[in-house]
$ cat my_file-v3.txt   # compact mmCIF, N, CA and C atoms and all ligand atoms
# COMPACT_ATOMS: atom_id res chain seq x y z
N MET R 66 0.85 -1.19 0.00
CA MET R 66 0.00 0.00 0.00
C MET R 66 0.88 1.24 0.00
N THR R 67 0.70 2.08 -0.97
CA THR R 67 1.45 3.33 -1.05
C THR R 67 0.49 4.47 -1.30
N LEU R 68 0.58 5.48 -0.47
CA LEU R 68 -0.24 6.66 -0.64
C LEU R 68 0.60 7.72 -1.34
N ILE R 69 0.00 8.39 -2.28
CA ILE R 69 0.71 9.43 -3.01
C ILE R 69 0.14 10.79 -2.60
N CYS R 70 1.01 11.71 -2.27
CA CYS R 70 0.58 13.05 -1.87
C CYS R 70 -0.09 13.73 -3.06
N HIS R 71 -1.27 14.28 -2.80
CA HIS R 71 -2.01 14.95 -3.89
C HIS R 71 -1.43 16.31 -4.20
N GLU R 72 -0.54 16.81 -3.33
CA GLU R 72 0.06 18.12 -3.54
C GLU R 72 1.36 18.02 -4.35
N CYS R 73 2.22 17.08 -3.96
CA CYS R 73 3.55 17.06 -4.56
C CYS R 73 3.92 15.71 -5.16
N GLY R 74 3.09 14.69 -4.96
CA GLY R 74 3.37 13.40 -5.56
C GLY R 74 4.33 12.53 -4.77
N SER R 75 4.74 13.01 -3.61
CA SER R 75 5.65 12.22 -2.78
C SER R 75 4.89 11.08 -2.10
N ASN R 76 5.63 10.04 -1.72
CA ASN R 76 5.00 8.96 -0.95
C ASN R 76 5.68 8.82 0.40
N ASP R 77 6.27 9.92 0.87
CA ASP R 77 6.98 9.91 2.14
C ASP R 77 6.11 10.60 3.19
N PHE R 78 5.48 9.81 4.03
CA PHE R 78 4.55 10.35 5.02
C PHE R 78 4.97 9.97 6.42
N ARG R 79 4.46 10.74 7.37
CA ARG R 79 4.55 10.35 8.77
C ARG R 79 3.18 10.56 9.40
N LEU R 80 2.99 9.98 10.57
CA LEU R 80 1.72 10.15 11.27
C LEU R 80 1.51 11.61 11.64
N ALA R 81 0.31 12.09 11.46
CA ALA R 81 -0.03 13.45 11.90
C ALA R 81 -0.73 13.36 13.25
N HIS R 82 -0.74 14.46 13.94
CA HIS R 82 -1.45 14.51 15.21
C HIS R 82 -2.94 14.46 14.96
N ILE R 83 -3.64 13.81 15.87
CA ILE R 83 -5.09 13.65 15.71
C ILE R 83 -5.81 14.84 16.31
N ARG R 84 -6.73 15.39 15.55
CA ARG R 84 -7.56 16.50 16.02
C ARG R 84 -8.96 15.98 16.29
N LYS R 85 -9.74 16.82 16.97
CA LYS R 85 -11.13 16.42 17.25
C LYS R 85 -11.87 16.11 15.96
N THR R 86 -11.57 16.87 14.93
CA THR R 86 -12.29 16.69 13.67
C THR R 86 -11.89 15.41 12.95
N ASP R 87 -10.87 14.72 13.47
CA ASP R 87 -10.42 13.50 12.82
C ASP R 87 -11.20 12.27 13.29
N TYR R 88 -11.94 12.40 14.37
CA TYR R 88 -12.57 11.21 14.93
C TYR R 88 -13.54 10.53 13.97
N PHE R 89 -14.23 11.36 13.21
CA PHE R 89 -15.15 10.76 12.25
C PHE R 89 -14.38 9.97 11.21
N LYS R 90 -13.26 10.52 10.78
CA LYS R 90 -12.42 9.81 9.81
C LYS R 90 -11.87 8.51 10.40
N LEU R 91 -11.52 8.56 11.69
CA LEU R 91 -10.98 7.37 12.33
C LEU R 91 -12.03 6.26 12.38
N LEU R 92 -13.27 6.66 12.55
CA LEU R 92 -14.35 5.66 12.53
C LEU R 92 -14.42 4.98 11.17
N LEU R 93 -14.01 5.70 10.16
CA LEU R 93 -13.98 5.14 8.80
C LEU R 93 -12.62 4.49 8.50
N LEU R 94 -11.83 4.30 9.58
CA LEU R 94 -10.51 3.66 9.46
C LEU R 94 -9.56 4.46 8.59
N GLN R 95 -9.68 5.80 8.69
CA GLN R 95 -8.76 6.69 7.99
C GLN R 95 -7.96 7.47 9.03
N HIS R 96 -6.66 7.43 8.95
CA HIS R 96 -5.81 8.12 9.92
C HIS R 96 -5.14 9.32 9.25
N PRO R 97 -5.06 10.47 9.95
CA PRO R 97 -4.38 11.63 9.36
C PRO R 97 -2.88 11.37 9.25
N VAL R 98 -2.33 11.72 8.11
CA VAL R 98 -0.89 11.61 7.90
C VAL R 98 -0.39 12.91 7.29
N ARG R 99 0.89 13.18 7.44
CA ARG R 99 1.46 14.40 6.90
C ARG R 99 2.59 14.07 5.94
N CYS R 100 2.57 14.73 4.81
CA CYS R 100 3.61 14.55 3.81
C CYS R 100 4.91 15.16 4.32
N ARG R 101 5.98 14.40 4.28
CA ARG R 101 7.26 14.93 4.74
C ARG R 101 7.83 15.93 3.77
N ALA R 102 7.44 15.86 2.53
CA ALA R 102 8.03 16.74 1.52
C ALA R 102 7.39 18.12 1.54
N CYS R 103 6.05 18.18 1.52
CA CYS R 103 5.40 19.49 1.40
C CYS R 103 4.54 19.82 2.62
N LYS R 104 4.53 18.94 3.63
CA LYS R 104 3.84 19.18 4.90
C LYS R 104 2.32 19.23 4.77
N SER R 105 1.78 18.82 3.64
CA SER R 105 0.34 18.83 3.53
C SER R 105 -0.25 17.65 4.30
N ARG R 106 -1.49 17.85 4.76
CA ARG R 106 -2.14 16.86 5.61
C ARG R 106 -3.19 16.13 4.80
N THR R 107 -3.22 14.82 4.95
CA THR R 107 -4.22 14.05 4.24
C THR R 107 -4.55 12.82 5.08
N TYR R 108 -5.32 11.91 4.55
CA TYR R 108 -5.71 10.73 5.29
C TYR R 108 -5.29 9.48 4.54
N GLY R 109 -4.90 8.48 5.32
CA GLY R 109 -4.56 7.20 4.73
C GLY R 109 -5.24 6.10 5.49
N PRO R 110 -5.27 4.91 4.93
CA PRO R 110 -5.89 3.77 5.62
C PRO R 110 -5.22 3.54 6.97
N LEU R 111 -6.04 3.28 7.97
CA LEU R 111 -5.55 3.18 9.35
C LEU R 111 -4.44 2.14 9.49
N ARG R 112 -4.64 0.96 8.95
CA ARG R 112 -3.65 -0.11 9.14
C ARG R 112 -2.33 0.26 8.49
N TRP R 113 -2.39 0.97 7.38
CA TRP R 113 -1.15 1.41 6.71
C TRP R 113 -0.50 2.54 7.51
N ALA R 114 -1.32 3.49 7.99
CA ALA R 114 -0.78 4.66 8.66
C ALA R 114 -0.07 4.28 9.96
N LEU R 115 -0.59 3.27 10.65
CA LEU R 115 0.00 2.91 11.93
C LEU R 115 1.38 2.29 11.79
N LYS R 116 1.76 1.95 10.58
CA LYS R 116 3.12 1.43 10.36
C LYS R 116 4.11 2.55 10.09
N LEU R 117 3.59 3.77 9.92
CA LEU R 117 4.47 4.89 9.62
C LEU R 117 5.23 5.31 10.87
N PRO R 118 6.40 5.88 10.67
CA PRO R 118 7.13 6.42 11.82
C PRO R 118 6.43 7.65 12.34
N GLN R 119 6.45 7.82 13.67
CA GLN R 119 5.92 9.04 14.24
C GLN R 119 7.01 10.09 14.21
N ARG R 120 6.67 11.26 14.69
CA ARG R 120 7.65 12.34 14.72
C ARG R 120 8.91 11.86 15.45
N VAL R 121 10.03 12.04 14.81
CA VAL R 121 11.27 11.53 15.36
C VAL R 121 11.66 12.33 16.59
N GLN R 122 11.86 11.63 17.66
CA GLN R 122 12.26 12.29 18.89
C GLN R 122 13.78 12.29 18.99
N LYS R 123 14.29 13.43 19.40
CA LYS R 123 15.74 13.53 19.53
C LYS R 123 16.20 12.78 20.77
N ARG R 124 17.15 11.93 20.55
CA ARG R 124 17.69 11.18 21.68
C ARG R 124 19.05 11.77 22.03
N SER R 125 19.28 11.85 23.28
CA SER R 125 20.61 12.28 23.71
C SER R 125 21.49 11.04 23.75
N VAL R 126 22.41 11.01 22.86
CA VAL R 126 23.29 9.85 22.77
C VAL R 126 24.40 10.00 23.81
N SER R 127 24.32 9.16 24.78
CA SER R 127 25.37 9.21 25.81
C SER R 127 26.11 7.88 25.79
N LYS R 128 27.26 7.93 25.27
CA LYS R 128 28.07 6.72 25.20
C LYS R 128 28.81 6.49 26.50
N ILE R 129 28.77 5.28 26.91
CA ILE R 129 29.50 4.92 28.13
C ILE R 129 30.96 4.64 27.72
N VAL R 130 31.83 5.45 28.24
CA VAL R 130 33.26 5.31 27.86
C VAL R 130 33.94 4.32 28.77
ZN ZN R 201 3.43 16.38 -0.47
$ encode --input "my_file-v3.txt" --output "structure tokens"
Amino acid sequence: MTLICHECGSNDFRLAHIRKTDYFKLLLLQHPVRCRACKSRTYGPLRWALKLPQRVQKRSVSKIV
């Protein structure tokens, strides 16, 4: 399953934050996703979207010397 951005044609998405207005879409098994290339917001199938990476959290890399 590959979703194509309707704005820029990219297929590089990440999970978007859920808003109140998304609940109806979620009932239809559609999850909000955000295009990494142009930042536009759209919806993808829930099962596909949940495999996407979420916003990358910065980790403090502390190496034990
Ligand atoms: Zn895009």
$ select_by_dssp --input "my_file-v3.txt" --residues "chain R" --states "strand (DSSP E or B)" --output "compact mmCIF listing (two decimals) with N, CA and C atoms, keeping the file's coordinate frame"
# COMPACT_ATOMS: atom_id res chain seq x y z
N PHE R 78 5.48 9.81 4.03
CA PHE R 78 4.55 10.35 5.02
C PHE R 78 4.97 9.97 6.42
N ARG R 79 4.46 10.74 7.37
CA ARG R 79 4.55 10.35 8.77
C ARG R 79 3.18 10.56 9.40
N LEU R 80 2.99 9.98 10.57
CA LEU R 80 1.72 10.15 11.27
C LEU R 80 1.51 11.61 11.64
N GLN R 95 -9.68 5.80 8.69
CA GLN R 95 -8.76 6.69 7.99
C GLN R 95 -7.96 7.47 9.03
N HIS R 96 -6.66 7.43 8.95
CA HIS R 96 -5.81 8.12 9.92
C HIS R 96 -5.14 9.32 9.25
N PRO R 97 -5.06 10.47 9.95
CA PRO R 97 -4.38 11.63 9.36
C PRO R 97 -2.88 11.37 9.25
N VAL R 98 -2.33 11.72 8.11
CA VAL R 98 -0.89 11.61 7.90
C VAL R 98 -0.39 12.91 7.29
N ARG R 99 0.89 13.18 7.44
CA ARG R 99 1.46 14.40 6.90
C ARG R 99 2.59 14.07 5.94
N CYS R 100 2.57 14.73 4.81
CA CYS R 100 3.61 14.55 3.81
C CYS R 100 4.91 15.16 4.32
N ARG R 106 -1.49 17.85 4.76
CA ARG R 106 -2.14 16.86 5.61
C ARG R 106 -3.19 16.13 4.80
N THR R 107 -3.22 14.82 4.95
CA THR R 107 -4.22 14.05 4.24
C THR R 107 -4.55 12.82 5.08
N TYR R 108 -5.32 11.91 4.55
CA TYR R 108 -5.71 10.73 5.29
C TYR R 108 -5.29 9.48 4.54
N GLY R 109 -4.90 8.48 5.32
CA GLY R 109 -4.56 7.20 4.73
C GLY R 109 -5.24 6.10 5.49
N PRO R 110 -5.27 4.91 4.93
CA PRO R 110 -5.89 3.77 5.62
C PRO R 110 -5.22 3.54 6.97
$ atom_distance --input "my_file-v3.txt" --atom1 "atom CA of Cys100 of chain R" --atom2 "atom C of Cys70 of chain R"
7.8 Å
$ closest_residue --input "my_file-v3.txt" --among "R:Leu115, R:Leu92, R:Cys73, R:Ala81" --to "ligand ZN 201 (chain R)" --atoms "only N, CA and C atoms and all ligand atoms"
R:Cys73
$ closest_residue --input "my_file-v3.txt" --among "R:His82, R:Arg106, R:His96, R:Lys90" --to "ligand ZN 201 (chain R)" --atoms "only N, CA and C atoms and all ligand atoms"
R:Arg106
$ atom_distance --input "my_file-v3.txt" --atom1 "atom CA of Leu68 of chain R" --atom2 "atom CA of Gly109 of chain R"
6.9 Å
$ decode --input "my_file-v3.txt" --residues "segment 76-103 of chain R" --atoms "N, CA and C atoms" --output "PDB file, in the first residue's frame"
ATOM      1  N   ASN R  76       5.625  10.045  -1.724  1.00  0.00           N
ATOM      2  CA  ASN R  76       5.001   8.965  -0.945  1.00  0.00           C
ATOM      3  C   ASN R  76       5.680   8.825   0.403  1.00  0.00           C
ATOM      4  N   ASP R  77       6.268   9.918   0.865  1.00  0.00           N
ATOM      5  CA  ASP R  77       6.976   9.912   2.141  1.00  0.00           C
ATOM      6  C   ASP R  77       6.108  10.603   3.187  1.00  0.00           C
ATOM      7  N   PHE R  78       5.483   9.810   4.034  1.00  0.00           N
ATOM      8  CA  PHE R  78       4.545  10.348   5.020  1.00  0.00           C
ATOM      9  C   PHE R  78       4.970   9.970   6.420  1.00  0.00           C
ATOM     10  N   ARG R  79       4.463  10.744   7.370  1.00  0.00           N
ATOM     11  CA  ARG R  79       4.551  10.346   8.770  1.00  0.00           C
ATOM     12  C   ARG R  79       3.185  10.558   9.395  1.00  0.00           C
ATOM     13  N   LEU R  80       2.992   9.981  10.573  1.00  0.00           N
ATOM     14  CA  LEU R  80       1.719  10.150  11.267  1.00  0.00           C
ATOM     15  C   LEU R  80       1.514  11.610  11.643  1.00  0.00           C
ATOM     16  N   ALA R  81       0.308  12.093  11.464  1.00  0.00           N
ATOM     17  CA  ALA R  81      -0.031  13.448  11.901  1.00  0.00           C
ATOM     18  C   ALA R  81      -0.732  13.356  13.245  1.00  0.00           C
ATOM     19  N   HIS R  82      -0.739  14.464  13.940  1.00  0.00           N
ATOM     20  CA  HIS R  82      -1.449  14.507  15.213  1.00  0.00           C
ATOM     21  C   HIS R  82      -2.941  14.461  14.957  1.00  0.00           C
ATOM     22  N   ILE R  83      -3.645  13.810  15.869  1.00  0.00           N
ATOM     23  CA  ILE R  83      -5.091  13.651  15.712  1.00  0.00           C
ATOM     24  C   ILE R  83      -5.810  14.844  16.313  1.00  0.00           C
ATOM     25  N   ARG R  84      -6.731  15.390  15.546  1.00  0.00           N
ATOM     26  CA  ARG R  84      -7.558  16.501  16.022  1.00  0.00           C
ATOM     27  C   ARG R  84      -8.960  15.983  16.293  1.00  0.00           C
ATOM     28  N   LYS R  85      -9.742  16.818  16.968  1.00  0.00           N
ATOM     29  CA  LYS R  85     -11.126  16.424  17.246  1.00  0.00           C
ATOM     30  C   LYS R  85     -11.874  16.112  15.963  1.00  0.00           C
ATOM     31  N   THR R  86     -11.568  16.871  14.928  1.00  0.00           N
ATOM     32  CA  THR R  86     -12.288  16.695  13.671  1.00  0.00           C
ATOM     33  C   THR R  86     -11.892  15.415  12.954  1.00  0.00           C
ATOM     34  N   ASP R  87     -10.866  14.725  13.473  1.00  0.00           N
ATOM     35  CA  ASP R  87     -10.421  13.496  12.817  1.00  0.00           C
ATOM     36  C   ASP R  87     -11.195  12.275  13.288  1.00  0.00           C
ATOM     37  N   TYR R  88     -11.941  12.396  14.365  1.00  0.00           N
ATOM     38  CA  TYR R  88     -12.571  11.212  14.934  1.00  0.00           C
ATOM     39  C   TYR R  88     -13.539  10.535  13.972  1.00  0.00           C
ATOM     40  N   PHE R  89     -14.230  11.361  13.211  1.00  0.00           N
ATOM     41  CA  PHE R  89     -15.155  10.760  12.253  1.00  0.00           C
ATOM     42  C   PHE R  89     -14.379   9.965  11.209  1.00  0.00           C
ATOM     43  N   LYS R  90     -13.262  10.520  10.782  1.00  0.00           N
ATOM     44  CA  LYS R  90     -12.416   9.808   9.809  1.00  0.00           C
ATOM     45  C   LYS R  90     -11.872   8.508  10.402  1.00  0.00           C
ATOM     46  N   LEU R  91     -11.516   8.565  11.687  1.00  0.00           N
ATOM     47  CA  LEU R  91     -10.984   7.370  12.334  1.00  0.00           C
ATOM     48  C   LEU R  91     -12.026   6.261  12.384  1.00  0.00           C
ATOM     49  N   LEU R  92     -13.275   6.661  12.547  1.00  0.00           N
ATOM     50  CA  LEU R  92     -14.347   5.664  12.528  1.00  0.00           C
ATOM     51  C   LEU R  92     -14.415   4.979  11.168  1.00  0.00           C
ATOM     52  N   LEU R  93     -14.012   5.697  10.155  1.00  0.00           N
ATOM     53  CA  LEU R  93     -13.979   5.142   8.803  1.00  0.00           C
ATOM     54  C   LEU R  93     -12.625   4.492   8.500  1.00  0.00           C
ATOM     55  N   LEU R  94     -11.827   4.301   9.582  1.00  0.00           N
ATOM     56  CA  LEU R  94     -10.512   3.665   9.463  1.00  0.00           C
ATOM     57  C   LEU R  94      -9.560   4.462   8.585  1.00  0.00           C
ATOM     58  N   GLN R  95      -9.680   5.800   8.694  1.00  0.00           N
ATOM     59  CA  GLN R  95      -8.756   6.686   7.994  1.00  0.00           C
ATOM     60  C   GLN R  95      -7.956   7.471   9.035  1.00  0.00           C
ATOM     61  N   HIS R  96      -6.659   7.434   8.947  1.00  0.00           N
ATOM     62  CA  HIS R  96      -5.806   8.124   9.922  1.00  0.00           C
ATOM     63  C   HIS R  96      -5.140   9.321   9.248  1.00  0.00           C
ATOM     64  N   PRO R  97      -5.063  10.472   9.948  1.00  0.00           N
ATOM     65  CA  PRO R  97      -4.375  11.627   9.361  1.00  0.00           C
ATOM     66  C   PRO R  97      -2.877  11.368   9.252  1.00  0.00           C
ATOM     67  N   VAL R  98      -2.326  11.721   8.115  1.00  0.00           N
ATOM     68  CA  VAL R  98      -0.889  11.611   7.902  1.00  0.00           C
ATOM     69  C   VAL R  98      -0.391  12.914   7.292  1.00  0.00           C
ATOM     70  N   ARG R  99       0.894  13.175   7.438  1.00  0.00           N
ATOM     71  CA  ARG R  99       1.455  14.402   6.903  1.00  0.00           C
ATOM     72  C   ARG R  99       2.589  14.067   5.942  1.00  0.00           C
ATOM     73  N   CYS R 100       2.573  14.732   4.815  1.00  0.00           N
ATOM     74  CA  CYS R 100       3.614  14.546   3.813  1.00  0.00           C
ATOM     75  C   CYS R 100       4.915  15.163   4.323  1.00  0.00           C
ATOM     76  N   ARG R 101       5.978  14.396   4.276  1.00  0.00           N
ATOM     77  CA  ARG R 101       7.258  14.928   4.743  1.00  0.00           C
ATOM     78  C   ARG R 101       7.833  15.930   3.768  1.00  0.00           C
ATOM     79  N   ALA R 102       7.444  15.862   2.531  1.00  0.00           N
ATOM     80  CA  ALA R 102       8.032  16.738   1.520  1.00  0.00           C
ATOM     81  C   ALA R 102       7.393  18.122   1.536  1.00  0.00           C
ATOM     82  N   CYS R 103       6.054  18.185   1.524  1.00  0.00           N
ATOM     83  CA  CYS R 103       5.397  19.492   1.404  1.00  0.00           C
ATOM     84  C   CYS R 103       4.545  19.822   2.623  1.00  0.00           C
TER      85      CYS R 103
END
